[in-house]
file input36.txt (compact mmCIF, C-alpha atoms and all ligand atoms)
# COMPACT_ATOMS: atom_id res chain seq x y z
CA MET B 1 26.98 -30.52 0.26
CA PRO B 2 24.42 -27.72 0.77
CA SER B 3 21.11 -28.78 2.34
CA THR B 4 17.93 -29.50 0.41
CA THR B 5 14.58 -27.77 0.08
CA VAL B 6 12.79 -30.45 2.06
CA GLN B 7 13.87 -29.12 5.44
CA ASP B 8 12.34 -25.72 4.61
CA PHE B 9 9.12 -27.21 3.34
CA LYS B 10 8.60 -28.90 6.67
CA MET B 11 8.22 -25.43 8.18
CA GLN B 12 4.55 -24.54 8.57
CA SER B 13 5.22 -20.89 7.63
CA ILE B 14 6.77 -21.90 4.29
CA ILE B 15 3.93 -24.32 3.52
CA ASP B 16 1.31 -21.68 4.34
CA MET B 17 3.06 -19.01 2.25
CA GLY B 18 3.57 -21.44 -0.62
CA LEU B 19 -0.06 -22.49 -0.73
CA GLN B 20 -1.25 -18.90 -0.51
CA TYR B 21 1.20 -17.87 -3.24
CA ILE B 22 0.01 -20.42 -5.77
CA ASN B 23 -3.55 -19.82 -4.71
CA GLY B 24 -3.30 -16.29 -6.15
CA PHE B 25 -5.80 -16.71 -8.94
CA LYS B 26 -8.43 -18.10 -6.58
CA THR B 27 -7.76 -15.32 -4.04
CA ILE B 28 -8.41 -12.74 -6.71
CA LYS B 29 -11.59 -14.36 -7.94
CA SER B 30 -13.03 -14.54 -4.44
CA ALA B 31 -11.95 -10.96 -3.57
CA ARG B 32 -13.66 -9.67 -6.70
CA LYS B 33 -16.82 -11.55 -5.82
CA LYS B 34 -16.79 -9.61 -2.53
CA GLY B 35 -16.61 -6.37 -4.50
CA LYS B 36 -12.91 -5.65 -3.96
CA LYS B 37 -10.84 -3.94 -6.62
CA VAL B 38 -7.54 -5.46 -7.63
CA ILE B 39 -4.46 -3.27 -7.98
CA ALA B 40 -1.80 -5.13 -9.92
CA GLY B 41 1.87 -4.20 -9.97
CA PHE B 42 5.42 -5.26 -9.18
CA LEU B 43 7.37 -3.22 -6.68
CA PRO B 44 7.10 -1.20 -3.45
CA PRO B 45 4.35 1.30 -4.31
CA LEU B 46 2.21 -1.81 -4.58
CA GLU B 47 1.59 -1.71 -0.82
CA LEU B 48 -0.59 1.33 -1.56
CA GLY B 49 -3.17 -1.30 -2.46
CA PHE B 50 -3.66 -1.82 1.29
CA CYS B 51 -4.67 1.81 1.81
CA SER B 52 -8.34 1.12 1.20
CA GLU B 53 -10.43 -1.70 2.62
CA LYS B 54 -11.92 -2.06 -0.83
CA THR B 55 -8.67 -2.75 -2.69
CA ILE B 56 -6.06 -5.47 -2.64
CA PRO B 57 -2.60 -5.40 -4.22
CA PHE B 58 -1.61 -8.22 -6.51
CA PHE B 59 1.78 -9.15 -7.98
CA LEU B 60 0.85 -9.70 -11.64
CA PRO B 61 2.98 -12.84 -12.18
CA ARG B 62 1.07 -14.53 -9.34
CA PHE B 63 -1.70 -15.20 -11.82
CA THR B 64 0.51 -17.86 -13.38
CA GLU B 65 -1.13 -21.27 -13.08
CA PHE B 66 1.39 -23.95 -12.23
CA PRO B 67 1.35 -27.58 -13.37
CA PHE B 68 0.47 -28.91 -9.91
CA GLN B 69 -2.45 -26.46 -9.51
CA GLY B 70 -4.91 -29.36 -9.70
CA LEU B 71 -3.56 -30.73 -6.43
CA LEU B 72 -3.93 -27.44 -4.63
CA GLU B 73 -7.33 -28.12 -3.13
CA ALA B 74 -6.15 -31.41 -1.68
CA PHE B 75 -2.96 -29.79 -0.31
CA THR B 76 -4.99 -27.00 1.31
CA LYS B 77 -7.32 -29.49 2.99
CA ILE B 78 -4.43 -31.56 4.29
CA ASN B 79 -2.66 -28.43 5.47
CA LYS B 80 -5.73 -27.40 7.47
CA VAL B 81 -5.20 -30.44 9.67
CA ARG B 82 -1.48 -29.65 9.71
CA LEU B 83 -0.45 -32.92 8.09
CA LEU B 84 1.39 -31.51 5.12
CA SER B 85 4.72 -31.01 6.89
CA LEU B 86 4.60 -34.65 8.08
CA ILE B 87 3.90 -35.84 4.54
CA ILE B 88 6.77 -33.73 3.23
CA GLY B 89 9.08 -35.34 5.79
CA PHE B 90 7.88 -38.75 4.63
CA TRP B 91 8.27 -37.68 0.99
CA ASP B 92 11.88 -36.81 1.79
CA GLN B 93 12.56 -40.46 2.59
CA ILE B 94 10.71 -41.73 -0.50
CA ASN B 95 12.44 -39.19 -2.73
CA ALA B 96 15.88 -40.12 -1.47
CA PHE B 97 15.07 -43.69 -2.48
CA LEU B 98 13.53 -42.71 -5.85
CA SER B 99 16.41 -40.43 -6.79
CA LYS B 100 18.73 -43.41 -6.52
CA ILE B 101 16.76 -45.27 -9.14
CA ASN B 102 15.27 -42.58 -11.37
CA THR B 103 15.86 -38.89 -12.05
CA ALA B 104 13.19 -38.60 -14.74
CA GLN B 105 10.54 -37.46 -12.24
CA THR B 106 12.53 -34.34 -11.26
CA ASN B 107 13.33 -33.50 -14.86
CA MET B 108 9.65 -33.76 -15.77
CA ASN B 109 8.72 -31.33 -12.98
CA SER B 110 11.24 -28.69 -14.08
CA GLN B 111 10.09 -29.11 -17.66
CA ALA B 112 6.49 -28.44 -16.59
CA PHE B 113 7.58 -25.08 -15.10
CA VAL B 114 9.51 -24.20 -18.21
CA ASN B 115 6.43 -25.02 -20.33
CA THR B 116 4.23 -22.76 -18.20
CA PHE B 117 6.49 -19.75 -18.70
CA SER B 118 7.09 -20.52 -22.37
CA SER B 119 3.36 -20.55 -23.06
CA LEU B 120 3.09 -17.02 -21.59
CA ASP B 121 6.03 -15.91 -23.71
CA ASN B 122 4.29 -17.39 -26.77
CA LEU B 123 1.19 -15.33 -26.03
CA SER B 124 3.29 -12.16 -26.10
CA GLU B 125 4.90 -13.22 -29.33
CA LYS B 126 1.52 -13.84 -30.98
CA ALA B 127 0.40 -10.37 -29.85
CA ASN B 128 3.52 -8.89 -31.49
CA PHE B 129 4.87 -7.64 -28.18
CA TYR B 130 8.28 -6.02 -28.71
CA LEU B 131 10.66 -8.78 -29.73
CA ASP B 132 13.69 -6.97 -28.36
CA SER B 133 12.25 -7.05 -24.81
CA CYS B 134 13.74 -9.14 -22.02
CA ILE B 135 12.04 -12.39 -21.02
CA GLN B 136 10.62 -10.82 -17.83
CA THR B 137 8.58 -8.20 -19.62
CA ARG B 138 7.51 -10.74 -22.25
CA ILE B 139 6.22 -13.16 -19.61
CA CYS B 140 4.50 -10.36 -17.70
CA TYR B 141 2.83 -9.19 -20.90
CA GLY B 142 1.68 -12.78 -21.50
CA VAL B 143 0.20 -12.81 -17.98
CA TYR B 144 -1.54 -9.52 -18.71
CA LEU B 145 -3.04 -10.87 -21.95
CA LYS B 146 -4.35 -13.98 -20.28
CA TYR B 147 -5.70 -12.45 -17.09
CA LYS B 148 -6.48 -8.82 -17.92
CA LYS B 149 -10.10 -9.04 -16.92
CA TYR B 150 -9.16 -9.95 -13.35
CA PHE B 151 -7.53 -6.70 -12.30
CA ASP B 152 -8.84 -3.14 -12.19
CA LEU B 153 -5.76 -0.91 -12.13
CA LEU B 154 -2.10 -1.42 -12.95
CA LEU B 155 0.19 0.53 -10.65
CA GLY B 156 3.73 1.12 -11.80
CA GLY B 157 6.59 3.52 -11.71
CA PHE B 158 9.73 2.43 -9.91
CA GLU B 159 11.07 0.05 -12.53
CA GLY B 160 9.53 1.88 -15.47
CA ASN B 161 11.39 5.03 -14.46
CA TYR B 162 14.72 3.45 -15.32
CA CYS B 163 13.86 0.62 -17.70
CA LEU B 164 12.66 1.43 -21.16
CA HIS B 165 11.17 -2.05 -21.63
CA PHE B 166 9.05 -1.71 -18.53
CA ALA B 167 7.98 1.80 -19.52
CA LYS B 168 6.84 0.46 -22.90
CA PHE B 169 5.09 -2.41 -21.14
CA TYR B 170 3.00 0.05 -19.10
CA GLU B 171 2.40 2.27 -22.08
CA ARG B 172 1.09 -0.65 -24.11
CA ILE B 173 -1.20 -1.95 -21.36
CA GLY B 174 -2.40 1.61 -20.76
CA ARG B 175 -4.10 1.54 -24.16
CA LYS B 176 -6.56 -1.07 -22.86
CA LYS B 177 -6.57 -0.87 -19.05
CA PRO B 178 -6.32 1.87 -16.42
CA VAL B 179 -2.64 2.36 -15.54
CA PHE B 180 -1.32 4.68 -12.87
CA TYR B 181 2.34 5.39 -13.38
CA ILE B 182 4.22 7.16 -10.56
CA GLU B 183 6.96 9.40 -11.96
CA LYS B 184 10.05 9.65 -9.79
CA PRO B 185 12.93 11.56 -11.29
CA TYR B 186 16.54 10.68 -10.43
CA GLY B 187 18.48 12.91 -8.08
CA ASP B 188 18.92 13.47 -4.38
CA ASN B 189 16.59 15.06 -1.90
CA SER B 190 18.06 18.52 -2.27
CA LEU B 191 16.06 18.89 -5.50
CA GLU B 192 12.82 20.52 -4.43
CA HIS B 193 11.04 19.98 -7.77
CA ARG B 194 11.52 16.25 -7.30
CA ARG B 195 9.66 16.26 -3.98
CA ASN B 196 6.85 18.41 -5.40
CA LEU B 197 6.44 16.10 -8.37
CA VAL B 198 6.28 12.91 -6.29
CA ARG B 199 3.84 14.46 -3.84
CA LYS B 200 1.58 15.55 -6.70
CA GLU B 201 1.79 12.04 -8.19
CA LEU B 202 0.64 10.55 -4.89
CA GLU B 203 -2.21 13.03 -4.53
CA ASP B 204 -3.37 12.05 -8.01
CA PHE B 205 -3.06 8.39 -7.13
CA PHE B 206 -5.38 8.79 -4.14
CA VAL B 207 -7.92 10.58 -6.33
CA ILE B 208 -7.89 7.58 -8.69
CA LEU B 209 -8.15 5.21 -5.72
CA GLU B 210 -11.26 7.03 -4.55
CA GLN B 211 -12.74 6.84 -8.03
CA VAL B 212 -12.01 3.11 -8.31
CA THR B 213 -13.51 2.31 -4.88
CA ASN B 214 -16.15 4.99 -4.85
CA GLU B 215 -15.28 6.04 -1.30
CA ASN B 216 -12.92 8.39 0.53
CA VAL B 217 -9.53 7.09 1.61
CA ASP B 218 -9.32 6.57 5.35
CA PHE B 219 -5.71 7.51 6.14
CA ASN B 220 -5.92 6.01 9.63
CA HIS B 221 -6.67 2.66 8.02
CA ALA B 222 -3.77 3.23 5.61
CA LYS B 223 -1.39 3.93 8.51
CA LYS B 224 -2.54 0.81 10.37
CA LYS B 225 -1.65 -1.33 7.36
CA MET B 226 1.65 0.47 6.72
CA LYS B 227 2.65 -0.28 10.33
CA LEU B 228 2.36 -3.97 9.46
CA VAL B 229 4.29 -3.37 6.21
CA ASN B 230 7.09 -1.73 8.24
CA GLU B 231 7.16 -4.64 10.65
CA THR B 232 7.47 -7.21 7.84
CA ARG B 233 10.52 -5.26 6.61
CA GLN B 234 12.04 -5.33 10.06
CA MET B 235 11.46 -9.08 10.25
CA ALA B 236 13.08 -9.62 6.84
CA ALA B 237 16.04 -7.52 7.98
CA LEU B 238 16.35 -9.65 11.10
CA ILE B 239 16.75 -12.79 8.96
CA PHE B 240 19.57 -11.04 7.13
CA ASN B 241 21.35 -9.64 10.18
CA LYS B 242 20.94 -12.56 12.52
CA TYR B 243 21.72 -15.38 10.10
CA TYR B 244 23.02 -14.52 6.62
CA ARG B 245 25.54 -11.99 7.89
CA LYS B 246 26.95 -14.55 10.28
CA GLY B 247 27.44 -17.19 7.60
CA TYR B 248 24.27 -19.21 8.23
CA VAL B 249 21.95 -20.06 5.36
CA PRO B 250 18.55 -20.34 7.05
CA LEU B 251 16.59 -20.80 3.81
CA HIS B 252 17.29 -22.83 0.71
CA TRP B 253 17.17 -20.70 -2.47
CA VAL B 254 13.78 -22.21 -3.44
CA SER B 255 12.07 -21.06 -0.25
CA SER B 256 13.95 -17.78 -0.31
CA LEU B 257 12.54 -17.22 -3.79
CA LEU B 258 9.08 -18.02 -2.47
CA VAL B 259 9.41 -15.54 0.43
CA HIS B 260 10.59 -12.87 -2.06
CA GLY B 261 7.60 -13.54 -4.33
CA ALA B 262 5.26 -13.42 -1.34
CA TYR B 263 6.85 -10.21 -0.10
CA THR B 264 6.13 -8.33 -3.33
CA ASP B 265 2.40 -8.03 -2.66
CA SER B 266 2.43 -9.50 0.87
CA LEU B 267 0.24 -12.24 -0.61
CA SER B 268 -2.52 -9.62 -1.00
CA ASN B 269 -3.13 -9.82 2.73
CA ILE B 270 -0.68 -7.98 4.96
CA ASP B 271 -2.15 -9.41 8.20
CA PHE B 272 -1.63 -12.96 6.93
CA PHE B 273 1.86 -12.28 5.60
CA HIS B 274 2.90 -10.53 8.82
CA GLU B 275 1.74 -13.53 10.85
CA LYS B 276 3.57 -16.02 8.59
CA LEU B 277 6.81 -14.06 8.60
CA ARG B 278 6.70 -13.98 12.40
CA LEU B 279 6.14 -17.74 12.41
CA LEU B 280 9.02 -18.15 9.95
CA LEU B 281 11.35 -16.35 12.35
CA THR B 282 10.25 -18.63 15.19
CA GLU B 283 10.72 -21.74 13.06
CA ILE B 284 14.16 -20.65 11.86
CA GLU B 285 15.17 -20.10 15.47
CA GLN B 286 13.84 -23.57 16.40
CA ASN B 287 15.87 -25.10 13.55
CA MET B 288 18.92 -23.22 14.79
CA LYS B 289 18.44 -24.75 18.24
CA LYS B 290 18.02 -28.22 16.69
CA GLY B 291 21.27 -27.61 14.80
CA THR B 292 19.69 -28.15 11.37
CA ILE B 293 20.72 -24.72 10.05
CA ARG B 294 24.31 -24.89 8.95
CA ASN B 295 26.96 -22.24 8.93
CA TYR B 296 28.28 -22.48 5.39
CA LYS B 297 30.93 -19.89 6.07
CA LYS B 298 32.46 -22.04 8.79
CA GLU B 299 32.03 -25.20 6.73
CA GLY B 300 33.82 -23.61 3.79
CA ILE B 301 30.86 -24.00 1.40
CA PRO B 302 31.12 -21.12 -1.11
CA ARG B 303 28.20 -18.72 -0.86
CA ILE B 304 27.56 -17.03 -4.18
CA LEU B 305 25.46 -13.90 -4.25
CA ILE B 306 23.24 -13.47 -7.29
CA ALA B 307 23.23 -10.02 -8.88
CA GLY B 308 22.16 -8.61 -12.21
CA SER B 309 18.72 -8.79 -13.74
CA PRO B 310 16.17 -10.61 -11.64
CA GLY B 311 14.70 -13.71 -13.26
CA PHE B 312 17.26 -16.43 -13.93
CA ASP B 313 17.19 -19.94 -15.25
CA PRO B 314 16.31 -22.31 -12.37
CA ALA B 315 19.17 -24.46 -13.64
CA LEU B 316 21.62 -21.82 -12.37
CA PRO B 317 21.29 -22.38 -8.59
CA GLN B 318 21.05 -26.13 -9.18
CA ILE B 319 24.36 -26.06 -11.05
CA ILE B 320 25.97 -24.01 -8.28
CA GLU B 321 24.75 -26.60 -5.77
CA LYS B 322 25.97 -29.51 -7.89
CA ASN B 323 29.39 -27.91 -7.81
CA GLY B 324 29.43 -27.69 -4.03
CA GLY B 325 28.28 -24.08 -3.56
CA CYS B 326 25.15 -22.30 -2.51
CA MET B 327 23.37 -19.42 -4.22
CA LEU B 328 22.26 -16.55 -2.00
CA TYR B 329 19.07 -14.95 -3.21
CA ILE B 330 18.59 -12.37 -0.47
CA ASP B 331 17.47 -9.10 -2.08
CA ILE B 332 14.66 -8.35 0.37
CA PHE B 333 16.60 -9.34 3.45
CA SER B 334 18.18 -5.94 3.40
CA ASN B 335 19.73 -4.12 6.23
CA TYR B 336 16.71 -1.88 6.71
CA ASP B 337 17.18 1.19 8.81
CA LYS B 338 14.73 3.89 9.81
CA SER B 339 15.00 5.66 6.45
CA ASN B 340 13.53 2.62 4.72
CA MET B 341 10.42 2.70 6.88
CA ILE B 342 7.22 4.58 6.19
CA ALA B 343 6.82 7.21 8.92
CA LEU B 344 3.39 6.96 10.50
CA ASN B 345 3.05 10.30 12.24
CA GLY B 346 1.49 13.34 10.58
CA ASP B 347 0.31 13.71 7.01
CA PHE B 348 0.35 10.32 5.28
CA ILE B 349 0.96 11.62 1.75
CA GLU B 350 3.85 13.75 2.96
CA LYS B 351 5.44 10.81 4.76
CA TYR B 352 4.94 8.41 1.90
CA THR B 353 6.54 10.97 -0.42
CA ASP B 354 9.60 10.97 1.87
CA TYR B 355 9.68 7.20 1.82
CA LEU B 356 9.50 6.98 -1.99
CA LEU B 357 12.20 9.61 -2.41
CA LEU B 358 14.54 7.86 0.01
CA ASN B 359 14.06 4.57 -1.78
CA ASN B 360 14.57 5.85 -5.26
CA PHE B 361 17.45 5.84 -7.68
CA GLU B 362 19.69 8.83 -7.31
CA LYS B 363 22.30 8.11 -9.95
CA GLY B 364 20.89 5.21 -11.97
CA THR B 365 22.44 1.81 -12.42
CA GLU B 366 25.31 2.74 -10.04
CA ASP B 367 22.78 2.58 -7.18
CA LEU B 368 22.21 -1.08 -7.95
CA MET B 369 25.96 -1.70 -7.95
CA ASP B 370 26.20 -0.06 -4.50
CA PHE B 371 23.35 -2.30 -3.32
CA TRP B 372 25.04 -5.56 -4.43
CA ILE B 373 28.52 -4.59 -3.34
CA GLU B 374 27.26 -3.64 0.10
CA LYS B 375 25.25 -6.86 0.39
CA ALA B 376 28.20 -9.01 -0.71
CA ARG B 377 30.39 -7.16 1.79
CA LEU B 378 27.96 -7.65 4.68
CA VAL B 379 27.47 -11.38 4.12
CA LYS B 380 31.16 -11.87 3.20
CA ALA B 381 30.13 -13.63 -0.01
CA ASP B 382 32.75 -15.79 -1.69
CA GLY B 383 31.77 -14.72 -5.19
CA ILE B 384 29.06 -13.07 -7.25
CA VAL B 385 27.20 -14.48 -10.22
CA PHE B 386 25.87 -11.75 -12.48
CA ASN B 387 22.78 -12.70 -14.47
CA GLU B 388 22.98 -11.04 -17.89
CA VAL B 389 19.50 -11.07 -19.37
CA TRP B 390 19.26 -10.83 -23.12
CA GLY B 391 17.62 -7.58 -24.20
CA CYS B 392 18.29 -5.75 -20.91
CA ARG B 393 19.79 -2.37 -21.62
CA PHE B 394 19.72 -1.08 -18.08
CA ILE B 395 21.20 -3.64 -15.69
CA THR B 396 23.15 -5.99 -17.95
CA PRO B 397 25.58 -3.37 -19.30
CA SER B 398 26.77 -2.76 -15.70
CA PHE B 399 28.49 -6.13 -15.54
CA LYS B 400 31.98 -4.72 -15.99
CA LEU B 401 31.43 -2.05 -13.37
CA LEU B 402 30.33 -4.63 -10.81
CA LYS B 403 33.21 -6.92 -11.70
CA ASP B 404 35.77 -4.15 -11.21
CA ARG B 405 34.25 -2.97 -7.97
CA ALA B 406 34.01 -6.49 -6.50
CA ARG B 407 37.64 -7.14 -7.39
CA ASN B 408 38.93 -3.81 -6.06
CA GLU B 409 36.74 -3.38 -3.00
CA LEU B 410 35.99 -6.95 -1.88
CA GLU B 411 38.64 -9.01 -3.63
CA ILE B 412 36.09 -11.58 -4.76
CA PRO B 413 35.47 -12.86 -8.31
CA VAL B 414 32.36 -12.21 -10.41
CA ILE B 415 31.14 -14.43 -13.21
CA GLY B 416 28.56 -13.44 -15.81
CA VAL B 417 26.00 -15.91 -17.16
CA ASN B 418 23.72 -15.22 -20.10
CA PHE B 419 20.01 -15.85 -19.88
CA HIS B 420 17.68 -15.58 -22.82
CA ASN B 421 14.90 -18.04 -22.18
CA PHE B 422 14.18 -20.90 -19.78
CA GLY B 423 16.03 -24.08 -20.62
CA GLU B 424 18.22 -22.39 -23.25
CA ASN B 425 21.91 -22.00 -22.66
CA VAL B 426 22.10 -24.47 -19.77
CA GLY B 427 25.23 -26.06 -21.25
CA GLN B 428 27.06 -22.73 -21.29
CA ILE B 429 25.90 -21.90 -17.73
CA SER B 430 27.17 -25.30 -16.58
CA THR B 431 30.59 -24.88 -18.14
CA ARG B 432 31.10 -21.38 -16.77
CA ILE B 433 29.87 -22.18 -13.26
CA GLU B 434 31.99 -25.33 -13.06
CA ALA B 435 35.12 -23.32 -13.89
CA PHE B 436 34.09 -20.57 -11.46
CA MET B 437 33.47 -22.98 -8.61
CA GLU B 438 36.82 -24.64 -9.21
CA LEU B 439 38.38 -21.26 -8.62
CA LEU B 440 36.62 -20.95 -5.27
CA THR B 441 37.04 -24.41 -3.83
S1 LIG P 1 15.72 -7.24 -16.90
FE1 LIG P 1 16.42 -5.26 -17.66
S2 LIG P 1 15.10 -4.87 -19.43
FE2 LIG P 1 14.12 -6.46 -18.24
S3 LIG P 1 12.71 -5.42 -16.90
FE3 LIG P 1 14.61 -5.68 -15.75
S4 LIG P 1 15.75 -3.78 -16.10
FE4 LIG P 1 14.16 -3.90 -17.65
call {"tool": "encode", "arguments": {"input": "input36.txt", "output": "structure tokens"}}
result
Amino acid sequence: MPSTTVQDFKMQSIIDMGLQYINGFKTIKSARKKGKKVIAGFLPPLELGFCSEKTIPFFLPRFTEFPFQGLLEAFTKINKVRLLSLIIGFWDQINAFLSKINTAQTNMNSQAFVNTFSSLDNLSEKANFYLDSCIQTRICYGVYLKYKKYFDLLLGGFEGNYCLHFAKFYERIGRKKPVFYIEKPYGDNSLEHRRNLVRKELEDFFVILEQVTNENVDFNHAKKKMKLVNETRQMAALIFNKYYRKGYVPLHWVSSLLVHGAYTDSLSNIDFFHEKLRLLLTEIEQNMKKGTIRNYKKEGIPRILIAGSPGFDPALPQIIEKNGGCMLYIDIFSNYDKSNMIALNGDFIEKYTDYLLLNNFEKGTEDLMDFWIEKARLVKADGIVFNEVWGCRFITPSFKLLKDRARNELEIPVIGVNFHNFGENVGQISTRIEAFMELLT
């Protein structure tokens, strides 16, 4: 059987990242009290929020308040004296005992998560947000409605350039809040107009940044922070190359999800995130030496890569586990090379333009297919589960393409699962995954 989350949550780096992640709302309130401006967003240009000492980036869904939020203060105090990992180890023993006599506790916890997200979805519905949108944009719009007074600027572009739902999301928020939307047309770097447009977009962004902060951008400061951003990418790549590619699964999907969430805005503090990622690497290496990180490839435990629209029912990885497999959620642990780094010599805007262009879509959805096929090939995945989100007109229609490519190029099977809303459709997911896993074991 695949290992549990408890081992990961004994790692100090995971505890620290987890507490900081769920502490998002408090972080924002205290930053604003200190006069900082909050730049909300979702994807890579978000690191531009580190370019001024007066701004911090913030991953919008981090505003979500979780059911156990009330315990946060106590957890943080205990963590300060470094007792939390011991308690988690102890909890492991208690839980093993409890699970033998009662599963209701676990079910209640998952239900509390589902309720949190459903309440945000309900807010969107009440505000007549587009009913044909996918659940991700609906939840994000709910977050916006509830917390709009806590951020100063919404920065978008990447995802909105290809996804109509996201574009409409920005457009709608833009009626009430300042939104800066970076346009990045498809195509390769031979198209000169593309480079000129992106450069102009960035110049305009920095003008807005100066207006928001009321001071000039210090590009030396920006480069200092981007150096740390680059290093976090190299560390993430190391986790991929050193462990996942060799068949090891150093992180359970829950903690991998946490690291991905933390990575999006570097927990609004790149120095902190850099330090924790470094600690994570050390702790993974220590676990390797202790022999607690298993090589699933060698053990014959099927490793299933998740592809398709991000945002899946938490029941999905649990069902894969119940059927003897392990879900690999490893998007950020990419095989970064120099072209994925922000060059730090010379004119910052010029170099950041290069970086954005190199990390952009050239063809459209086919780029995503290349990304997943390459990842599945590198980790020698045993299968791929494709998450088909209801309402998604960009990623979901590519299911057949991915299926054909995986069969022809990698000779591995792909299964599609439908996701509409949390907790819905679990029966169908179960039936499909069970049959799929039977095929692999
Ligand atoms: S799941 Fe599809 S529709 Fe939703 S935001 Fe992503 S690309 Fe857009």
call {"tool": "atom_distance", "arguments": {"input": "input36.txt", "atom1": "atom CA of B:Lys200", "atom2": "atom CA of B:Thr353"}}
result
9.2 Å
call {"tool": "closest_atom_pairs", "arguments": {"input": "input36.txt", "of": "stretch 154-243 of chain B", "to": "stretch 279-288 of chain B", "cutoff": "10 Å", "atoms": "all atoms listed in the file", "output": "tab-separated table"}}
result
residue	atom	partner	partner_atom	distance
B:Met235	CA	B:Leu281	CA	7.6
B:Ala236	CA	B:Leu281	CA	8.9
B:Leu238	CA	B:Leu281	CA	8.5
B:Ile239	CA	B:Leu281	CA	7.3
B:Lys242	CA	B:Glu285	CA	9.9
B:Tyr243	CA	B:Ile284	CA	9.4
call {"tool": "write_last_selection", "arguments": {"input": "input36.txt", "atoms": "C-alpha atoms", "output": "PDB file, in the coordinates of the input"}}
result
ATOM      1  CA  MET B 235      11.460  -9.080  10.250  1.00  0.00           C
ATOM      2  CA  ALA B 236      13.080  -9.620   6.840  1.00  0.00           C
ATOM      3  CA  LEU B 238      16.350  -9.650  11.100  1.00  0.00           C
ATOM      4  CA  ILE B 239      16.750 -12.790   8.960  1.00  0.00           C
ATOM      5  CA  LYS B 242      20.940 -12.560  12.520  1.00  0.00           C
ATOM      6  CA  TYR B 243      21.720 -15.380  10.100  1.00  0.00           C
TER       7      TYR B 243
END
call {"tool": "residues_around", "arguments": {"input": "input36.txt", "residues": "stretch 338-352 of chain B", "least_positions_apart": "6", "cutoff": "9 Å", "atoms": "all atoms listed in the file", "output": "ChimeraX atom specification"}}
result
/B:199,202-203,219-220,222-224,226-227,229-231,233-234,358-359
call {"tool": "closest_residue", "arguments": {"input": "input36.txt", "among": "B:Ala167, B:Ile56, B:Ile319, B:Leu402", "to": "ligand LIG 1 (chain P)", "atoms": "all atoms listed in the file"}}
result
B:Ala167
call {"tool": "residues_near_ligand", "arguments": {"input": "input36.txt", "ligand": "ligand LIG 1 (chain P)", "cutoff": "9 Å", "atoms": "all atoms listed in the file", "output": "ChimeraX atom specification"}}
result
/B:133-138,159-160,162-167,308-311,388-396
call {"tool": "closest_residue", "arguments": {"input": "input36.txt", "among": "B:Glu201, B:Glu65, B:Glu275, B:Glu215", "to": "B:Leu356", "atoms": "all atoms listed in the file"}}
result
B:Glu201
call {"tool": "closest_residue", "arguments": {"input": "input36.txt", "among": "B:Ile415, B:Leu328, B:Leu267, B:Val249", "to": "B:Ile293", "atoms": "all atoms listed in the file"}}
result
B:Val249
call {"tool": "closest_residue", "arguments": {"input": "input36.txt", "among": "B:Lys375, B:Pro413, B:Leu357, B:Asn115", "to": "B:Leu191", "atoms": "only C-alpha atoms"}}
result
B:Leu357
call {"tool": "atom_distance", "arguments": {"input": "input36.txt", "atom1": "atom CA of B:Asp16", "atom2": "atom CA of B:Leu145"}}
result
28.8 Å
